[in-house]
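Student: Handing over protein_35.pdb, PDB, C-alpha atoms, pLDDT in the B column.
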ATOM      1  CA  MET N  25      73.802 -35.020 -76.454  1.00 66.00           C
ATOM      2  CA  GLU N  26      74.765 -32.386 -78.986  1.00 85.00           C
ATOM      3  CA  THR N  27      77.181 -29.713 -77.768  1.00 94.00           C
ATOM      4  CA  LYS N  28      75.417 -26.479 -76.897  1.00 97.00           C
ATOM      5  CA  LYS N  29      76.732 -23.234 -78.309  1.00 98.00           C
ATOM      6  CA  LEU N  30      77.029 -19.762 -76.804  1.00 98.00           C
ATOM      7  CA  ALA N  31      77.742 -16.731 -78.978  1.00 98.00           C
ATOM      8  CA  ILE N  32      78.544 -13.357 -77.428  1.00 98.00           C
ATOM      9  CA  ILE N  33      79.153  -9.918 -78.889  1.00 98.00           C
ATOM     10  CA  ALA N  34      81.290  -7.880 -76.484  1.00 98.00           C
ATOM     11  CA  THR N  35      81.007  -4.150 -77.172  1.00 98.00           C
ATOM     12  CA  LYS N  36      82.077  -2.461 -73.956  1.00 97.00           C
ATOM     13  CA  GLY N  37      85.565  -1.560 -72.775  1.00 97.00           C
ATOM     14  CA  SER N  38      85.175  -0.628 -69.127  1.00 96.00           C
ATOM     15  CA  LEU N  39      86.356  -2.594 -66.100  1.00 96.00           C
ATOM     16  CA  ASP N  40      82.855  -3.465 -64.900  1.00 95.00           C
ATOM     17  CA  TRP N  41      81.492  -4.432 -68.307  1.00 96.00           C
ATOM     18  CA  ALA N  42      84.535  -6.551 -69.089  1.00 97.00           C
ATOM     19  CA  TYR N  43      83.372  -9.148 -66.590  1.00 97.00           C
ATOM     20  CA  PRO N  44      80.101 -10.501 -68.042  1.00 97.00           C
ATOM     21  CA  PRO N  45      81.565 -11.809 -71.328  1.00 98.00           C
ATOM     22  CA  PHE N  46      84.491 -13.557 -69.617  1.00 98.00           C
ATOM     23  CA  ILE N  47      82.496 -14.895 -66.643  1.00 97.00           C
ATOM     24  CA  LEU N  48      79.736 -16.280 -68.851  1.00 97.00           C
ATOM     25  CA  SER N  49      82.131 -17.723 -71.411  1.00 98.00           C
ATOM     26  CA  SER N  50      84.418 -19.460 -68.944  1.00 97.00           C
ATOM     27  CA  THR N  51      81.441 -20.878 -67.055  1.00 97.00           C
ATOM     28  CA  ALA N  52      79.698 -22.029 -70.216  1.00 97.00           C
ATOM     29  CA  ALA N  53      82.910 -23.710 -71.354  1.00 96.00           C
ATOM     30  CA  ALA N  54      83.134 -25.492 -67.987  1.00 96.00           C
ATOM     31  CA  LEU N  55      79.582 -26.732 -68.553  1.00 96.00           C
ATOM     32  CA  GLY N  56      80.590 -28.151 -71.905  1.00 95.00           C
ATOM     33  CA  TYR N  57      79.426 -25.362 -74.209  1.00 97.00           C
ATOM     34  CA  GLU N  58      81.283 -24.391 -77.321  1.00 97.00           C
ATOM     35  CA  VAL N  59      81.802 -20.624 -77.048  1.00 98.00           C
ATOM     36  CA  GLU N  60      82.771 -17.769 -79.312  1.00 98.00           C
ATOM     37  CA  ILE N  61      83.067 -14.088 -78.412  1.00 98.00           C
ATOM     38  CA  PHE N  62      83.100 -11.430 -81.091  1.00 98.00           C
ATOM     39  CA  PHE N  63      84.800  -8.251 -79.811  1.00 98.00           C
ATOM     40  CA  THR N  64      83.770  -5.082 -81.553  1.00 97.00           C
ATOM     41  CA  PHE N  65      84.259  -1.352 -80.978  1.00 97.00           C
ATOM     42  CA  TYR N  66      85.221  -0.663 -77.329  1.00 97.00           C
ATOM     43  CA  GLY N  67      85.044  -4.377 -76.579  1.00 97.00           C
ATOM     44  CA  LEU N  68      88.410  -4.701 -78.329  1.00 97.00           C
ATOM     45  CA  GLN N  69      90.049  -3.188 -75.248  1.00 97.00           C
ATOM     46  CA  LEU N  70      89.408  -6.550 -73.568  1.00 98.00           C
ATOM     47  CA  LEU N  71      91.858  -8.228 -75.926  1.00 98.00           C
ATOM     48  CA  ARG N  72      94.840  -6.031 -75.145  1.00 97.00           C
ATOM     49  CA  LYS N  73      97.890  -7.781 -73.685  1.00 96.00           C
ATOM     50  CA  LYS N  74      98.048  -5.179 -70.978  1.00 94.00           C
ATOM     51  CA  LEU N  75      94.567  -4.488 -69.683  1.00 95.00           C
ATOM     52  CA  ASP N  76      94.145  -0.967 -68.373  1.00 93.00           C
ATOM     53  CA  LEU N  77      90.398  -0.797 -67.919  1.00 96.00           C
ATOM     54  CA  GLN N  78      88.662   1.861 -65.899  1.00 95.00           C
ATOM     55  CA  VAL N  79      85.295   2.267 -64.251  1.00 94.00           C
ATOM     56  CA  THR N  80      83.441   5.564 -63.981  1.00 91.00           C
ATOM     57  CA  PRO N  81      80.544   6.762 -61.811  1.00 88.00           C
ATOM     58  CA  LEU N  82      79.860   9.423 -64.455  1.00 89.00           C
ATOM     59  CA  GLY N  83      76.396   8.995 -65.898  1.00 87.00           C
ATOM     60  CA  ASN N  84      75.879   5.824 -63.864  1.00 87.00           C
ATOM     61  CA  PRO N  85      73.360   6.488 -61.058  1.00 85.00           C
ATOM     62  CA  GLY N  86      73.219   2.760 -60.278  1.00 87.00           C
ATOM     63  CA  MET N  87      76.842   2.529 -59.217  1.00 87.00           C
ATOM     64  CA  PRO N  88      77.244   2.093 -55.445  1.00 86.00           C
ATOM     65  CA  MET N  89      79.831   4.544 -54.118  1.00 84.00           C
ATOM     66  CA  PRO N  90      81.783   4.582 -50.845  1.00 83.00           C
ATOM     67  CA  LEU N  91      80.433   6.505 -47.820  1.00 85.00           C
ATOM     68  CA  GLY N  92      76.968   6.589 -49.381  1.00 84.00           C
ATOM     69  CA  MET N  93      78.265   9.136 -51.887  1.00 85.00           C
ATOM     70  CA  ASP N  94      75.811   7.829 -54.452  1.00 82.00           C
ATOM     71  CA  LYS N  95      73.080   9.380 -52.256  1.00 85.00           C
ATOM     72  CA  TRP N  96      74.449  12.854 -51.495  1.00 88.00           C
ATOM     73  CA  PHE N  97      77.391  13.523 -53.795  1.00 86.00           C
ATOM     74  CA  PRO N  98      76.423  15.983 -56.574  1.00 86.00           C
ATOM     75  CA  VAL N  99      76.201  14.336 -59.989  1.00 85.00           C
ATOM     76  CA  LEU N 100      78.516  16.983 -61.438  1.00 86.00           C
ATOM     77  CA  GLY N 101      81.132  15.971 -58.873  1.00 86.00           C
ATOM     78  CA  THR N 102      81.508  12.617 -60.569  1.00 86.00           C
ATOM     79  CA  ALA N 103      83.045  14.486 -63.489  1.00 88.00           C
ATOM     80  CA  LEU N 104      85.879  15.896 -61.345  1.00 89.00           C
ATOM     81  CA  PRO N 105      89.413  15.112 -62.533  1.00 90.00           C
ATOM     82  CA  GLY N 106      90.758  12.059 -60.757  1.00 91.00           C
ATOM     83  CA  MET N 107      87.329  10.664 -59.876  1.00 89.00           C
ATOM     84  CA  GLN N 108      87.691   7.899 -62.445  1.00 91.00           C
ATOM     85  CA  SER N 109      91.075   6.690 -61.244  1.00 93.00           C
ATOM     86  CA  VAL N 110      89.949   6.791 -57.612  1.00 91.00           C
ATOM     87  CA  MET N 111      86.794   4.811 -58.367  1.00 92.00           C
ATOM     88  CA  THR N 112      88.782   2.345 -60.480  1.00 94.00           C
ATOM     89  CA  MET N 113      91.287   1.824 -57.683  1.00 94.00           C
ATOM     90  CA  MET N 114      88.521   1.279 -55.132  1.00 92.00           C
ATOM     91  CA  MET N 115      86.640  -1.118 -57.408  1.00 93.00           C
ATOM     92  CA  LYS N 116      89.788  -3.177 -58.032  1.00 94.00           C
ATOM     93  CA  LYS N 117      90.515  -3.364 -54.314  1.00 94.00           C
ATOM     94  CA  LYS N 118      86.951  -4.389 -53.541  1.00 92.00           C
ATOM     95  CA  MET N 119      87.055  -7.105 -56.178  1.00 93.00           C
ATOM     96  CA  ALA N 120      90.317  -8.490 -54.815  1.00 93.00           C
ATOM     97  CA  ASP N 121      88.950  -8.405 -51.250  1.00 93.00           C
ATOM     98  CA  LYS N 122      85.842 -10.325 -52.289  1.00 92.00           C
ATOM     99  CA  GLY N 123      87.721 -13.020 -54.182  1.00 93.00           C
ATOM    100  CA  VAL N 124      86.439 -11.916 -57.574  1.00 93.00           C
ATOM    101  CA  ALA N 125      88.720 -13.228 -60.299  1.00 92.00           C
ATOM    102  CA  GLY N 126      91.075 -10.893 -62.120  1.00 93.00           C
ATOM    103  CA  LEU N 127      90.173 -10.238 -65.743  1.00 95.00           C
ATOM    104  CA  GLU N 128      93.471 -11.591 -67.052  1.00 95.00           C
ATOM    105  CA  GLU N 129      92.864 -14.815 -65.142  1.00 94.00           C
ATOM    106  CA  LEU N 130      89.318 -15.205 -66.486  1.00 95.00           C
ATOM    107  CA  ARG N 131      90.515 -14.455 -70.000  1.00 96.00           C
ATOM    108  CA  GLU N 132      93.257 -17.071 -69.689  1.00 95.00           C
ATOM    109  CA  LEU N 133      90.755 -19.609 -68.395  1.00 94.00           C
ATOM    110  CA  CYS N 134      88.602 -18.858 -71.431  1.00 96.00           C
ATOM    111  CA  GLN N 135      91.532 -19.460 -73.764  1.00 96.00           C
ATOM    112  CA  GLU N 136      92.509 -22.652 -71.936  1.00 93.00           C
ATOM    113  CA  ALA N 137      88.929 -23.854 -72.376  1.00 93.00           C
ATOM    114  CA  GLU N 138      89.199 -23.112 -76.101  1.00 95.00           C
ATOM    115  CA  VAL N 139      86.730 -20.250 -76.117  1.00 97.00           C
ATOM    116  CA  LYS N 140      87.237 -18.615 -79.528  1.00 97.00           C
ATOM    117  CA  LEU N 141      88.052 -14.919 -79.314  1.00 98.00           C
ATOM    118  CA  ILE N 142      87.392 -12.975 -82.484  1.00 97.00           C
ATOM    119  CA  ALA N 143      88.465  -9.367 -83.004  1.00 97.00           C
ATOM    120  CA  CYS N 144      86.409  -7.211 -85.326  1.00 96.00           C
ATOM    121  CA  GLN N 145      88.793  -6.367 -88.181  1.00 96.00           C
ATOM    122  CA  MET N 146      86.816  -3.260 -89.105  1.00 95.00           C
ATOM    123  CA  THR N 147      87.219  -1.772 -85.613  1.00 96.00           C
ATOM    124  CA  VAL N 148      90.950  -2.560 -85.619  1.00 95.00           C
ATOM    125  CA  ASP N 149      91.260  -0.561 -88.849  1.00 94.00           C
ATOM    126  CA  LEU N 150      88.899   2.190 -87.732  1.00 96.00           C
ATOM    127  CA  PHE N 151      90.855   3.010 -84.565  1.00 96.00           C
ATOM    128  CA  ASP N 152      94.269   2.274 -86.119  1.00 95.00           C
ATOM    129  CA  MET N 153      94.852  -0.406 -83.526  1.00 95.00           C
ATOM    130  CA  ASP N 154      98.004  -2.536 -83.689  1.00 94.00           C
ATOM    131  CA  SER N 155      97.493  -6.294 -83.565  1.00 93.00           C
ATOM    132  CA  ALA N 156     100.843  -6.504 -81.745  1.00 95.00           C
ATOM    133  CA  ASP N 157      99.064  -4.977 -78.739  1.00 95.00           C
ATOM    134  CA  PHE N 158      96.560  -7.837 -78.629  1.00 97.00           C
ATOM    135  CA  ILE N 159      96.963 -11.234 -77.021  1.00 97.00           C
ATOM    136  CA  ASP N 160      97.963 -14.233 -79.111  1.00 96.00           C
ATOM    137  CA  GLY N 161      95.548 -16.889 -80.261  1.00 95.00           C
ATOM    138  CA  ILE N 162      92.772 -14.606 -81.446  1.00 96.00           C
ATOM    139  CA  GLU N 163      91.135 -14.473 -84.843  1.00 96.00           C
ATOM    140  CA  TYR N 164      90.466 -11.337 -86.937  1.00 97.00           C
ATOM    141  CA  ALA N 165      87.261 -11.358 -88.922  1.00 96.00           C
ATOM    142  CA  GLY N 166      84.036  -9.611 -89.826  1.00 94.00           C
ATOM    143  CA  ALA N 167      80.310  -9.800 -89.192  1.00 95.00           C
ATOM    144  CA  ALA N 168      79.714 -12.724 -91.535  1.00 95.00           C
ATOM    145  CA  ARG N 169      82.165 -14.804 -89.502  1.00 95.00           C
ATOM    146  CA  PHE N 170      80.125 -14.071 -86.368  1.00 95.00           C
ATOM    147  CA  PHE N 171      76.886 -15.233 -87.972  1.00 96.00           C
ATOM    148  CA  GLU N 172      78.493 -18.454 -89.138  1.00 95.00           C
ATOM    149  CA  PHE N 173      78.644 -19.507 -85.486  1.00 96.00           C
ATOM    150  CA  ALA N 174      75.836 -17.403 -83.994  1.00 96.00           C
ATOM    151  CA  GLY N 175      73.332 -18.774 -86.481  1.00 96.00           C
ATOM    152  CA  GLU N 176      73.891 -22.223 -85.021  1.00 96.00           C
ATOM    153  CA  SER N 177      74.030 -21.097 -81.395  1.00 97.00           C
ATOM    154  CA  ASP N 178      71.612 -21.965 -78.597  1.00 98.00           C
ATOM    155  CA  ILE N 179      72.289 -18.724 -76.715  1.00 98.00           C
ATOM    156  CA  CYS N 180      73.284 -15.434 -78.268  1.00 98.00           C
ATOM    157  CA  LEU N 181      74.102 -12.393 -76.129  1.00 98.00           C
ATOM    158  CA  TYR N 182      74.922  -8.786 -76.903  1.00 98.00           C
ATOM    159  CA  ILE N 183      76.927  -7.247 -74.085  1.00 97.00           C
TER     160      ILE N 183
ATOM    161  CA  MET I   1      81.425 -37.651 -44.381  1.00 61.00           C
ATOM    162  CA  ALA I   2      81.774 -40.058 -47.248  1.00 72.00           C
ATOM    163  CA  ASP I   3      85.144 -40.878 -48.752  1.00 89.00           C
ATOM    164  CA  PHE I   4      86.701 -38.796 -51.470  1.00 94.00           C
ATOM    165  CA  ASP I   5      89.756 -39.092 -53.702  1.00 95.00           C
ATOM    166  CA  ASP I   6      90.690 -35.477 -54.264  1.00 95.00           C
ATOM    167  CA  GLU I   7      90.123 -32.199 -52.507  1.00 96.00           C
ATOM    168  CA  LEU I   8      89.721 -28.619 -53.711  1.00 97.00           C
ATOM    169  CA  ASP I   9      89.661 -25.699 -51.310  1.00 97.00           C
ATOM    170  CA  ALA I  10      87.896 -22.820 -53.070  1.00 96.00           C
ATOM    171  CA  SER I  11      87.425 -20.806 -49.873  1.00 96.00           C
ATOM    172  CA  GLY I  12      87.456 -17.045 -50.415  1.00 94.00           C
ATOM    173  CA  LEU I  13      86.876 -17.391 -54.155  1.00 95.00           C
ATOM    174  CA  ASN I  14      83.851 -15.836 -55.774  1.00 94.00           C
ATOM    175  CA  CYS I  15      81.694 -16.771 -58.771  1.00 93.00           C
ATOM    176  CA  PRO I  16      82.602 -18.319 -61.178  1.00 95.00           C
ATOM    177  CA  LEU I  17      85.994 -19.445 -59.792  1.00 95.00           C
ATOM    178  CA  PRO I  18      84.789 -22.335 -57.572  1.00 96.00           C
ATOM    179  CA  ILE I  19      83.045 -23.895 -60.590  1.00 96.00           C
ATOM    180  CA  LEU I  20      85.991 -23.299 -62.917  1.00 95.00           C
ATOM    181  CA  ARG I  21      88.491 -24.758 -60.436  1.00 95.00           C
ATOM    182  CA  ALA I  22      86.223 -27.741 -59.807  1.00 97.00           C
ATOM    183  CA  LYS I  23      85.921 -28.369 -63.534  1.00 95.00           C
ATOM    184  CA  LYS I  24      89.712 -28.278 -63.836  1.00 94.00           C
ATOM    185  CA  SER I  25      90.174 -30.728 -60.956  1.00 96.00           C
ATOM    186  CA  LEU I  26      87.546 -33.098 -62.342  1.00 96.00           C
ATOM    187  CA  THR I  27      89.164 -33.056 -65.772  1.00 95.00           C
ATOM    188  CA  ALA I  28      92.368 -34.397 -64.232  1.00 95.00           C
ATOM    189  CA  MET I  29      90.528 -37.187 -62.388  1.00 96.00           C
ATOM    190  CA  ASP I  30      89.432 -40.638 -63.535  1.00 96.00           C
ATOM    191  CA  ALA I  31      85.761 -41.529 -63.973  1.00 96.00           C
ATOM    192  CA  GLY I  32      84.134 -42.727 -60.771  1.00 96.00           C
ATOM    193  CA  LYS I  33      86.503 -40.761 -58.515  1.00 96.00           C
ATOM    194  CA  VAL I  34      85.053 -38.306 -56.009  1.00 97.00           C
ATOM    195  CA  LEU I  35      86.075 -34.672 -55.556  1.00 97.00           C
ATOM    196  CA  HIS I  36      85.523 -32.854 -52.268  1.00 97.00           C
ATOM    197  CA  ILE I  37      85.062 -29.109 -52.744  1.00 97.00           C
ATOM    198  CA  ILE I  38      85.104 -26.537 -49.957  1.00 97.00           C
ATOM    199  CA  ALA I  39      83.686 -23.090 -50.759  1.00 97.00           C
ATOM    200  CA  THR I  40      82.604 -19.946 -48.926  1.00 96.00           C
ATOM    201  CA  ASP I  41      80.569 -18.399 -51.742  1.00 95.00           C
ATOM    202  CA  PRO I  42      76.881 -18.872 -50.797  1.00 94.00           C
ATOM    203  CA  GLY I  43      76.004 -18.823 -54.513  1.00 95.00           C
ATOM    204  CA  SER I  44      78.015 -21.999 -54.977  1.00 96.00           C
ATOM    205  CA  VAL I  45      75.208 -24.111 -53.454  1.00 97.00           C
ATOM    206  CA  LYS I  46      72.866 -23.548 -56.391  1.00 96.00           C
ATOM    207  CA  ASP I  47      75.781 -23.358 -58.813  1.00 96.00           C
ATOM    208  CA  PHE I  48      77.143 -26.807 -58.018  1.00 97.00           C
ATOM    209  CA  GLU I  49      73.620 -28.264 -58.303  1.00 97.00           C
ATOM    210  CA  ALA I  50      73.329 -26.703 -61.746  1.00 96.00           C
ATOM    211  CA  PHE I  51      76.872 -27.714 -62.694  1.00 97.00           C
ATOM    212  CA  SER I  52      76.211 -31.315 -61.806  1.00 97.00           C
ATOM    213  CA  LYS I  53      72.883 -31.374 -63.667  1.00 96.00           C
ATOM    214  CA  GLN I  54      74.431 -29.954 -66.827  1.00 95.00           C
ATOM    215  CA  THR I  55      77.679 -31.914 -66.865  1.00 95.00           C
ATOM    216  CA  GLY I  56      76.361 -35.262 -65.667  1.00 95.00           C
ATOM    217  CA  ASN I  57      78.872 -35.415 -62.809  1.00 96.00           C
ATOM    218  CA  GLN I  58      76.843 -36.584 -59.832  1.00 96.00           C
ATOM    219  CA  LEU I  59      76.493 -34.347 -56.780  1.00 97.00           C
ATOM    220  CA  LEU I  60      76.662 -36.877 -53.949  1.00 97.00           C
ATOM    221  CA  GLU I  61      76.513 -34.438 -51.088  1.00 96.00           C
ATOM    222  CA  SER I  62      75.990 -30.744 -50.424  1.00 97.00           C
ATOM    223  CA  ARG I  63      76.063 -29.380 -46.911  1.00 96.00           C
ATOM    224  CA  GLU I  64      77.015 -26.386 -44.804  1.00 96.00           C
ATOM    225  CA  GLU I  65      79.353 -26.758 -41.868  1.00 94.00           C
ATOM    226  CA  GLY I  66      80.961 -24.030 -39.794  1.00 91.00           C
ATOM    227  CA  GLY I  67      80.116 -21.304 -42.317  1.00 92.00           C
ATOM    228  CA  LYS I  68      81.619 -23.251 -45.209  1.00 97.00           C
ATOM    229  CA  PHE I  69      79.964 -25.205 -47.964  1.00 97.00           C
ATOM    230  CA  HIS I  70      81.055 -28.743 -48.723  1.00 97.00           C
ATOM    231  CA  PHE I  71      80.316 -30.643 -51.907  1.00 97.00           C
ATOM    232  CA  LEU I  72      81.080 -34.158 -53.040  1.00 97.00           C
ATOM    233  CA  ILE I  73      81.026 -34.632 -56.788  1.00 97.00           C
ATOM    234  CA  LYS I  74      81.566 -37.947 -58.513  1.00 97.00           C
ATOM    235  CA  LYS I  75      83.151 -37.731 -61.933  1.00 96.00           C
ATOM    236  CA  SER I  76      80.985 -39.371 -64.574  1.00 93.00           C
TER     237      SER I  76
END
Show how you would write the structure in this file as structure tokens.
Tutor:
Amino acid sequence: METKKLAIIATKGSLDWAYPPFILSSTAAALGYEVEIFFTFYGLQLLRKKLDLQVTPLGNPGMPMPLGMDKWFPVLGTALPGMQSVMTMMMKKKMADKGVAGLEELRELCQEAEVKLIACQMTVDLFDMDSADFIDGIEYAGAARFFEFAGESDICLYI
Amino acid sequence: MADFDDELDASGLNCPLPILRAKKSLTAMDAGKVLHIIATDPGSVKDFEAFSKQTGNQLLESREEGGKFHFLIKKS
């Protein structure tokens, strides 16, 4: 049987949206897929050595909040200073309580399973990012490099 | 319960960790050996079925006992 391929573009840099690329990639690798993730724009935050990702209820009416706040709390209130750090803290605690893997752990499992992590060189330049801040073992390349693999892939996701 | 060679307790772990840990354990085992997995994630029932179908490692047994899920997987 020919090895199946999964190609993902990761574009988001928040705590909640960091999960899908790493969960899907590590699982696919465990199922025998060859996997590559292309990190572009805010997705590059997921490659930092020290992950400091946040989650925000701002502009996200689908986010469940404690004490049923998502039902009665005024939308403008979600923009209050400190809301983001409080929600991030609560989300992290909830994840730990429910046995959801930490992002660093999932990312390591991806690397152990030889999932290729590719950083968008253009974004690195655009935001004056320093490659010293990123984890080791990643590749820096452009859109053509993504298509080289994605064009042959069985599943291609934009997250 | 049937015999097994290795055991993995994935209790308290959520998706996709039980699958990832199981894959790791199986990798270290010889073909034909059986891994016993214990999990509490209800999603793991369908997940281990799918895992076994896609990897060719045979799911010998899947059952619930005392609120925990038990799986026997034979490495192909």
Student: Applied to this file, what does the PyMOL selection byres ((chain N and resi 54) around 12) return in terms of residues, put as a ChimeraX atom specification?
Tutor: /N:28,47-53,55-59,133-139 /I:16-27,47-48,50-52,54-55,57
Student: Export C-alpha atoms of the chosen residues as a PDB file, in the coordinates of the input?
Tutor:
ATOM      1  CA  LYS N  28      75.417 -26.479 -76.897  1.00 97.00           C
ATOM      2  CA  ILE N  47      82.496 -14.895 -66.643  1.00 97.00           C
ATOM      3  CA  LEU N  48      79.736 -16.280 -68.851  1.00 97.00           C
ATOM      4  CA  SER N  49      82.131 -17.723 -71.411  1.00 98.00           C
ATOM      5  CA  SER N  50      84.418 -19.460 -68.944  1.00 97.00           C
ATOM      6  CA  THR N  51      81.441 -20.878 -67.055  1.00 97.00           C
ATOM      7  CA  ALA N  52      79.698 -22.029 -70.216  1.00 97.00           C
ATOM      8  CA  ALA N  53      82.910 -23.710 -71.354  1.00 96.00           C
ATOM      9  CA  LEU N  55      79.582 -26.732 -68.553  1.00 96.00           C
ATOM     10  CA  GLY N  56      80.590 -28.151 -71.905  1.00 95.00           C
ATOM     11  CA  TYR N  57      79.426 -25.362 -74.209  1.00 97.00           C
ATOM     12  CA  GLU N  58      81.283 -24.391 -77.321  1.00 97.00           C
ATOM     13  CA  VAL N  59      81.802 -20.624 -77.048  1.00 98.00           C
ATOM     14  CA  LEU N 133      90.755 -19.609 -68.395  1.00 94.00           C
ATOM     15  CA  CYS N 134      88.602 -18.858 -71.431  1.00 96.00           C
ATOM     16  CA  GLN N 135      91.532 -19.460 -73.764  1.00 96.00           C
ATOM     17  CA  GLU N 136      92.509 -22.652 -71.936  1.00 93.00           C
ATOM     18  CA  ALA N 137      88.929 -23.854 -72.376  1.00 93.00           C
ATOM     19  CA  GLU N 138      89.199 -23.112 -76.101  1.00 95.00           C
ATOM     20  CA  VAL N 139      86.730 -20.250 -76.117  1.00 97.00           C
TER      21      VAL N 139
ATOM     22  CA  PRO I  16      82.602 -18.319 -61.178  1.00 95.00           C
ATOM     23  CA  LEU I  17      85.994 -19.445 -59.792  1.00 95.00           C
ATOM     24  CA  PRO I  18      84.789 -22.335 -57.572  1.00 96.00           C
ATOM     25  CA  ILE I  19      83.045 -23.895 -60.590  1.00 96.00           C
ATOM     26  CA  LEU I  20      85.991 -23.299 -62.917  1.00 95.00           C
ATOM     27  CA  ARG I  21      88.491 -24.758 -60.436  1.00 95.00           C
ATOM     28  CA  ALA I  22      86.223 -27.741 -59.807  1.00 97.00           C
ATOM     29  CA  LYS I  23      85.921 -28.369 -63.534  1.00 95.00           C
ATOM     30  CA  LYS I  24      89.712 -28.278 -63.836  1.00 94.00           C
ATOM     31  CA  SER I  25      90.174 -30.728 -60.956  1.00 96.00           C
ATOM     32  CA  LEU I  26      87.546 -33.098 -62.342  1.00 96.00           C
ATOM     33  CA  THR I  27      89.164 -33.056 -65.772  1.00 95.00           C
ATOM     34  CA  ASP I  47      75.781 -23.358 -58.813  1.00 96.00           C
ATOM     35  CA  PHE I  48      77.143 -26.807 -58.018  1.00 97.00           C
ATOM     36  CA  ALA I  50      73.329 -26.703 -61.746  1.00 96.00           C
ATOM     37  CA  PHE I  51      76.872 -27.714 -62.694  1.00 97.00           C
ATOM     38  CA  SER I  52      76.211 -31.315 -61.806  1.00 97.00           C
ATOM     39  CA  GLN I  54      74.431 -29.954 -66.827  1.00 95.00           C
ATOM     40  CA  THR I  55      77.679 -31.914 -66.865  1.00 95.00           C
ATOM     41  CA  ASN I  57      78.872 -35.415 -62.809  1.00 96.00           C
TER      42      ASN I  57
END
Student: Env of segment 147-160 of chain N: 6 Å cut, atoms = all atoms listed in the file, seq-sep filter 3 positions within chain, self excluded. Answer as a list in words.
Tutor: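 Counting all atoms listed in the file, the residues come to Phe65, Leu71, Arg72, Lys73 and Cys144 of chain N.
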Student: When the PyMOL selection byres ((chain I and resi 72) around 6) is applied to the structure above, which residues does it catch, written out as a list of chain:residue names?
Tutor: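 Written out, the selection comes to I:Leu35, I:His36, I:Leu59, I:Leu60, I:Glu61, I:Phe71, I:Ile73.
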Student: Please indicate the distance in Å from atom CA of Ile33 of chain N to atom CA of Ile179 of chain N, rounded to one decimal place.
Tutor: 11.4 Å
Student: Please identify all polymer residues lying at most 12 Å from the point (78.9, -15.3, -88.3) (file coordinates), using all atoms listed in the file, and present the result as a ChimeraX atom specification.
Tutor: /N:31-33,60-62,142,144,165-177,180
Student: Going by the chain IDs and residue numbers used in this file, which residues fall under the PyMOL selection byres ((chain N and resi 111) around 10)? Write them as a ChimeraX atom specification.
Tutor: /N:78-81,89-90,102,106-110,112-117
Student: Got time to write the residues from that selection, C-alpha atoms, as a CSV table (one decimal), keeping the file's coordinate frame?
Tutor:
chain,number,residue,atom,x,y,z
N,78,GLN,CA,88.7,1.9,-65.9
N,79,VAL,CA,85.3,2.3,-64.3
N,80,THR,CA,83.4,5.6,-64.0
N,81,PRO,CA,80.5,6.8,-61.8
N,89,MET,CA,79.8,4.5,-54.1
N,90,PRO,CA,81.8,4.6,-50.8
N,102,THR,CA,81.5,12.6,-60.6
N,106,GLY,CA,90.8,12.1,-60.8
N,107,MET,CA,87.3,10.7,-59.9
N,108,GLN,CA,87.7,7.9,-62.4
N,109,SER,CA,91.1,6.7,-61.2
N,110,VAL,CA,89.9,6.8,-57.6
N,112,THR,CA,88.8,2.3,-60.5
N,113,MET,CA,91.3,1.8,-57.7
N,114,MET,CA,88.5,1.3,-55.1
N,115,MET,CA,86.6,-1.1,-57.4
N,116,LYS,CA,89.8,-3.2,-58.0
N,117,LYS,CA,90.5,-3.4,-54.3
Student: Mind giving me the straight-line distance from atom CA of Ile38 of chain I to atom CA of Glu132 of chain N in Å, one decimal?
Tutor: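 These atoms are spaced 23.4 Å apart.
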Student: Work out how far atom CA of Leu30 of chain N is from atom CA of Leu127 of chain N, in Å to one decimal.
Tutor: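 Atom-to-atom, atom CA of Leu127 of chain N and atom CA of Leu30 of chain N are spaced 19.6 Å apart.
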Student: Between N:Gly126, N:Gly161, N:Gly37, N:Gly83, which one has atoms that come closest to chain I, using all atoms listed in the file?
Tutor: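 That would be N:Gly126, the residue with the smallest distance to chain I.
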Student: Smallest atom-to-atom distance to chain I: which of N:Ala120, N:Ala42, N:Leu82, N:Met93, using only C-alpha atoms?
Tutor: N:Ala120
Student: Counting only C-alpha atoms, figure out which residue out of I:Glu49, I:Lys75, I:Val34, I:Met29 gets nearest to Asp5 of chain I.
Tutor: I:Val34
Student: Measuring atom to atom with only C-alpha atoms, identify which of N:Val124, N:Leu141, N:Ala34, N:Leu130 is nearest to chain I.
Tutor: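 Answer, going by the shortest atom-to-atom distance: N:Val124.
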Student: Would you mind listing what lies within 9 Å of Lys68 of chain I as a list in words, with all atoms listed in the file counted and same-chain residues fewer than 2 positions away left out?
Tutor: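 Selected residues are Ser11, Ile38, Ala39, Thr40, Asp41, Pro42, Arg63, Glu64, Glu65, Gly66 and His70 of chain I.
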Student: Which residue gives the smallest distance to chain I among N:Pro88, N:Gly67, N:Gly123, N:Pro44, with all atoms listed in the file counted?
Tutor: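 Going through N:Pro88, N:Gly67, N:Gly123, N:Pro44 one by one, the smallest distance to chain I is for N:Gly123.
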Student: Quick one: of N:Tyr182, N:Trp96, N:Phe46, N:Phe63, who's nearest to chain I, counting all atoms listed in the file?
Tutor: N:Phe46
